[in-house]
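S.K.: One structure follows; several queries about it will come next.
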Amino acid sequence: GAGPAVRSAGGGRNEAQWRMLTGIGSAYAGEETRAQNDLRRLLNRTADDRIDVLLAQRFAGAAGNGRRAVTIEWDGIDTLSPWRFGLANALAEGPEPAETAQAESHYQAALELDPDYVEAWNNLGNLLADSGRLSPAVAAFREAVRRRPDDAALPLNMAKKLEAGGRFDEARQAYRATLKIEPGHLAGLAGRARAERLYGRRQCGRKPLPAPRGR
């Protein structure tokens, strides 16, 4: 992810999002205590974006032994930026439907400005899939894959959503696309085997029972 790049770039930036990324990167580099201390200081200095820092604390806490209870309260939150939605989605900390609609409009607006914004296509697909709209989600995922055909993470993400939605034939094809880009991808190999098995079971269940033999 972005953690190593952020850490190697140093602390020359003051933006709150950059500091949150730095904290998350520290946690996943094995410095959980430092990460939580940095994020706690940022929380104390933040007025408008407190929920973002809380989400970052929850994300950093998932890294290891530095875990701590973090309560996420959405009451009073009337905006859902792509950054906020991305953290919440990664944590399965689902926003309310109105906030989901707002996030969708953010992604659509971003894509109108830059149709080649691959991350926006991918995140839009995640949002649509997680809100039960798998077909438009797949269309968004395919746009992301088309624009960055050498990134194995994109068809892999699509495959997982298709599998979760019970569309096993399409899922196994997406896993195959992942392996075409990166043949040794462990998650792709495991996913393909699983989707093939689930698809096979479904096909067997659709076959008519053999007629009983006469005696």
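By convention here, the chains of the structure tokens are called A, B, ... in the order presented, each chain's residues are numbered starting at 1, and ligands are numbered starting at 1 in the order presented.
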Excluding Lys180 (chain A) and any residue of its chain fewer than 2 positions from it, enumerate the residues within 12 Å of it, using only C-alpha atoms, and give them as JSON, numbers by chain.
M.R.: {"A": [149, 150, 151, 152, 153, 155, 156, 173, 174, 175, 176, 177, 178, 182, 183, 184, 185, 188, 189, 192]}
S.K.: May I have all residues of region 19-213 of chain A that DSSP, computed from the backbone, assigns to helix (DSSP H, G or I), given as a PyMOL selection string?
M.R.: chain A and resi 19-28+32-45+50-61+82-90+97-113+118-130+134-147+153-164+168-181+186-206
S.K.: Using only C-alpha atoms, which of the listed residues (A:Arg201, A:Arg147, A:Arg133, A:Arg19) sits closest to Gly165 (chain A)?
M.R.: A:Arg133
S.K.: Could you work out how far CA of Phe141 (chain A) lies from CA of Asp116 (chain A), giving the answer in Å with one decimal?
M.R.: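 Atom-to-atom, CA of Asp116 (chain A) and CA of Phe141 (chain A) are spaced 12.5 Å apart.
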S.K.: Could you name the residues that touch Leu134 (chain A) at 10 Å or less, counting only C-alpha atoms, but leaving out those on the same chain fewer than 3 positions away, as a list of chain:residue names?
M.R.: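 Residues near the query, excluding close chain neighbours: A:Gly125, A:Asn126, A:Leu127, A:Leu128, A:Ala129, A:Asp130, A:Ser131, A:Ala137, A:Val138, A:Ala139, A:Ala140, A:Met158, A:Lys161, A:Leu162, A:Ala164, A:Gly165, A:Arg167.
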S.K.: For the residues in that selection, give me N, CA, C and O atoms as a PDB file, in the first residue's frame.
M.R.:
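Listing of again-v3.pdb after writing:
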```pdb
ATOM      1  N   GLY A 125     -16.771   0.957  -7.762  1.00  0.00           N
ATOM      2  CA  GLY A 125     -17.218  -0.434  -7.837  1.00  0.00           C
ATOM      3  C   GLY A 125     -17.420  -1.041  -6.470  1.00  0.00           C
ATOM      4  O   GLY A 125     -18.416  -1.740  -6.219  1.00  0.00           O
ATOM      5  N   ASN A 126     -16.487  -0.785  -5.556  1.00  0.00           N
ATOM      6  CA  ASN A 126     -16.640  -1.293  -4.186  1.00  0.00           C
ATOM      7  C   ASN A 126     -17.904  -0.751  -3.539  1.00  0.00           C
ATOM      8  O   ASN A 126     -18.663  -1.484  -2.881  1.00  0.00           O
ATOM      9  N   LEU A 127     -18.135   0.548  -3.696  1.00  0.00           N
ATOM     10  CA  LEU A 127     -19.311   1.171  -3.093  1.00  0.00           C
ATOM     11  C   LEU A 127     -20.596   0.553  -3.645  1.00  0.00           C
ATOM     12  O   LEU A 127     -21.506   0.212  -2.889  1.00  0.00           O
ATOM     13  N   LEU A 128     -20.659   0.410  -4.959  1.00  0.00           N
ATOM     14  CA  LEU A 128     -21.856  -0.147  -5.583  1.00  0.00           C
ATOM     15  C   LEU A 128     -22.073  -1.596  -5.166  1.00  0.00           C
ATOM     16  O   LEU A 128     -23.201  -2.009  -4.860  1.00  0.00           O
ATOM     17  N   ALA A 129     -20.997  -2.387  -5.144  1.00  0.00           N
ATOM     18  CA  ALA A 129     -21.124  -3.794  -4.754  1.00  0.00           C
ATOM     19  C   ALA A 129     -21.574  -3.926  -3.307  1.00  0.00           C
ATOM     20  O   ALA A 129     -22.446  -4.746  -2.984  1.00  0.00           O
ATOM     21  N   ASP A 130     -21.001  -3.108  -2.437  1.00  0.00           N
ATOM     22  CA  ASP A 130     -21.334  -3.207  -1.013  1.00  0.00           C
ATOM     23  C   ASP A 130     -22.737  -2.709  -0.714  1.00  0.00           C
ATOM     24  O   ASP A 130     -23.278  -2.982   0.356  1.00  0.00           O
ATOM     25  N   SER A 131     -23.318  -1.954  -1.641  1.00  0.00           N
ATOM     26  CA  SER A 131     -24.692  -1.501  -1.449  1.00  0.00           C
ATOM     27  C   SER A 131     -25.674  -2.355  -2.251  1.00  0.00           C
ATOM     28  O   SER A 131     -26.835  -1.984  -2.430  1.00  0.00           O
ATOM     29  N   ALA A 137     -21.570  -2.278 -10.417  1.00  0.00           N
ATOM     30  CA  ALA A 137     -20.246  -2.365  -9.793  1.00  0.00           C
ATOM     31  C   ALA A 137     -19.261  -3.046 -10.731  1.00  0.00           C
ATOM     32  O   ALA A 137     -18.121  -2.591 -10.897  1.00  0.00           O
ATOM     33  N   VAL A 138     -19.686  -4.147 -11.350  1.00  0.00           N
ATOM     34  CA  VAL A 138     -18.818  -4.871 -12.278  1.00  0.00           C
ATOM     35  C   VAL A 138     -18.441  -3.986 -13.465  1.00  0.00           C
ATOM     36  O   VAL A 138     -17.297  -4.002 -13.937  1.00  0.00           O
ATOM     37  N   ALA A 139     -19.392  -3.191 -13.929  1.00  0.00           N
ATOM     38  CA  ALA A 139     -19.087  -2.268 -15.021  1.00  0.00           C
ATOM     39  C   ALA A 139     -17.996  -1.283 -14.615  1.00  0.00           C
ATOM     40  O   ALA A 139     -17.084  -0.986 -15.398  1.00  0.00           O
ATOM     41  N   ALA A 140     -18.061  -0.781 -13.363  1.00  0.00           N
ATOM     42  CA  ALA A 140     -17.034   0.139 -12.873  1.00  0.00           C
ATOM     43  C   ALA A 140     -15.689  -0.570 -12.739  1.00  0.00           C
ATOM     44  O   ALA A 140     -14.636  -0.025 -13.110  1.00  0.00           O
ATOM     45  N   MET A 158     -12.367  -7.375  -8.289  1.00  0.00           N
ATOM     46  CA  MET A 158     -13.620  -7.674  -8.969  1.00  0.00           C
ATOM     47  C   MET A 158     -14.033  -9.121  -8.740  1.00  0.00           C
ATOM     48  O   MET A 158     -15.202  -9.418  -8.491  1.00  0.00           O
ATOM     49  N   LYS A 161     -15.611  -9.633  -5.284  1.00  0.00           N
ATOM     50  CA  LYS A 161     -16.978  -9.113  -5.199  1.00  0.00           C
ATOM     51  C   LYS A 161     -17.954 -10.003  -5.958  1.00  0.00           C
ATOM     52  O   LYS A 161     -19.082 -10.235  -5.510  1.00  0.00           O
ATOM     53  N   LEU A 162     -17.531 -10.509  -7.121  1.00  0.00           N
ATOM     54  CA  LEU A 162     -18.391 -11.417  -7.874  1.00  0.00           C
ATOM     55  C   LEU A 162     -18.632 -12.710  -7.106  1.00  0.00           C
ATOM     56  O   LEU A 162     -19.752 -13.224  -7.075  1.00  0.00           O
ATOM     57  N   ALA A 164     -18.500 -13.096  -3.841  1.00  0.00           N
ATOM     58  CA  ALA A 164     -19.373 -12.789  -2.708  1.00  0.00           C
ATOM     59  C   ALA A 164     -20.820 -12.636  -3.141  1.00  0.00           C
ATOM     60  O   ALA A 164     -21.745 -12.934  -2.372  1.00  0.00           O
ATOM     61  N   GLY A 165     -21.023 -12.192  -4.389  1.00  0.00           N
ATOM     62  CA  GLY A 165     -22.373 -12.030  -4.917  1.00  0.00           C
ATOM     63  C   GLY A 165     -22.938 -13.278  -5.555  1.00  0.00           C
ATOM     64  O   GLY A 165     -24.047 -13.246  -6.106  1.00  0.00           O
ATOM     65  N   ARG A 167     -21.842 -14.923  -8.174  1.00  0.00           N
ATOM     66  CA  ARG A 167     -21.665 -15.023  -9.630  1.00  0.00           C
ATOM     67  C   ARG A 167     -20.332 -15.729  -9.897  1.00  0.00           C
ATOM     68  O   ARG A 167     -19.341 -15.128 -10.290  1.00  0.00           O
TER      69      ARG A 167
END
```
S.K.: Which is closer to Val53 (chain A) than all the others in A:Ala29, A:Ile181, A:Leu87, A:Ala195, using only C-alpha atoms?
M.R.: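 Residue with the minimum atom-to-atom distance to Val53 (chain A): A:Leu87.
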S.K.: What's the separation between CA of Gly23 (chain A) and CA of Ala90 (chain A), in Å to one decimal place?
M.R.: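 Between CA of Gly23 (chain A) and CA of Ala90 (chain A) the gap works out to 16.1 Å.
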S.K.: Report the distance between CA of Gln57 (chain A) and CA of Val70 (chain A) in Å, rounded to one decimal place.
M.R.: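 Between CA of Gln57 (chain A) and CA of Val70 (chain A) the gap is 7.1 Å.
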S.K.: So which one's closest to Asn37 (chain A), A:Ile51, A:Leu154, A:Met20, A:Leu124? Using only C-alpha atoms, please.
M.R.: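 Answer, going by the shortest atom-to-atom distance: A:Met20.
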S.K.: Rank nothing, just name the residue among A:Asp38, A:Arg84, A:Ala193, A:Gly30 nearest to Arg50 (chain A), using only C-alpha atoms.
M.R.: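 Closest to Arg50 (chain A), using only C-alpha atoms: A:Arg84.
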S.K.: I'd like the contact shell of Gln17 (chain A) - 10 Å cut-off, only C-alpha atoms, skipping same-chain residues fewer than 4 positions apart - returned as a compact mmCIF listing (two decimals) with C-alpha atoms, in the first residue's frame.
M.R.:
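Written file, selection10.txt:
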```txt
# COMPACT_ATOMS: atom_id res chain seq x y z
CA ARG A 13 4.07 17.70 4.75
CA LEU A 21 -1.09 7.84 6.27
CA THR A 22 2.20 8.22 8.12
CA GLY A 23 0.61 6.86 11.30
CA ASP A 49 -11.89 15.88 10.55
CA ASP A 52 -11.11 10.64 9.77
CA VAL A 53 -8.48 10.41 12.51
CA ALA A 56 -7.14 6.01 10.90
CA TRP A 83 -10.78 9.60 1.66
CA ARG A 84 -13.34 9.08 4.44
```
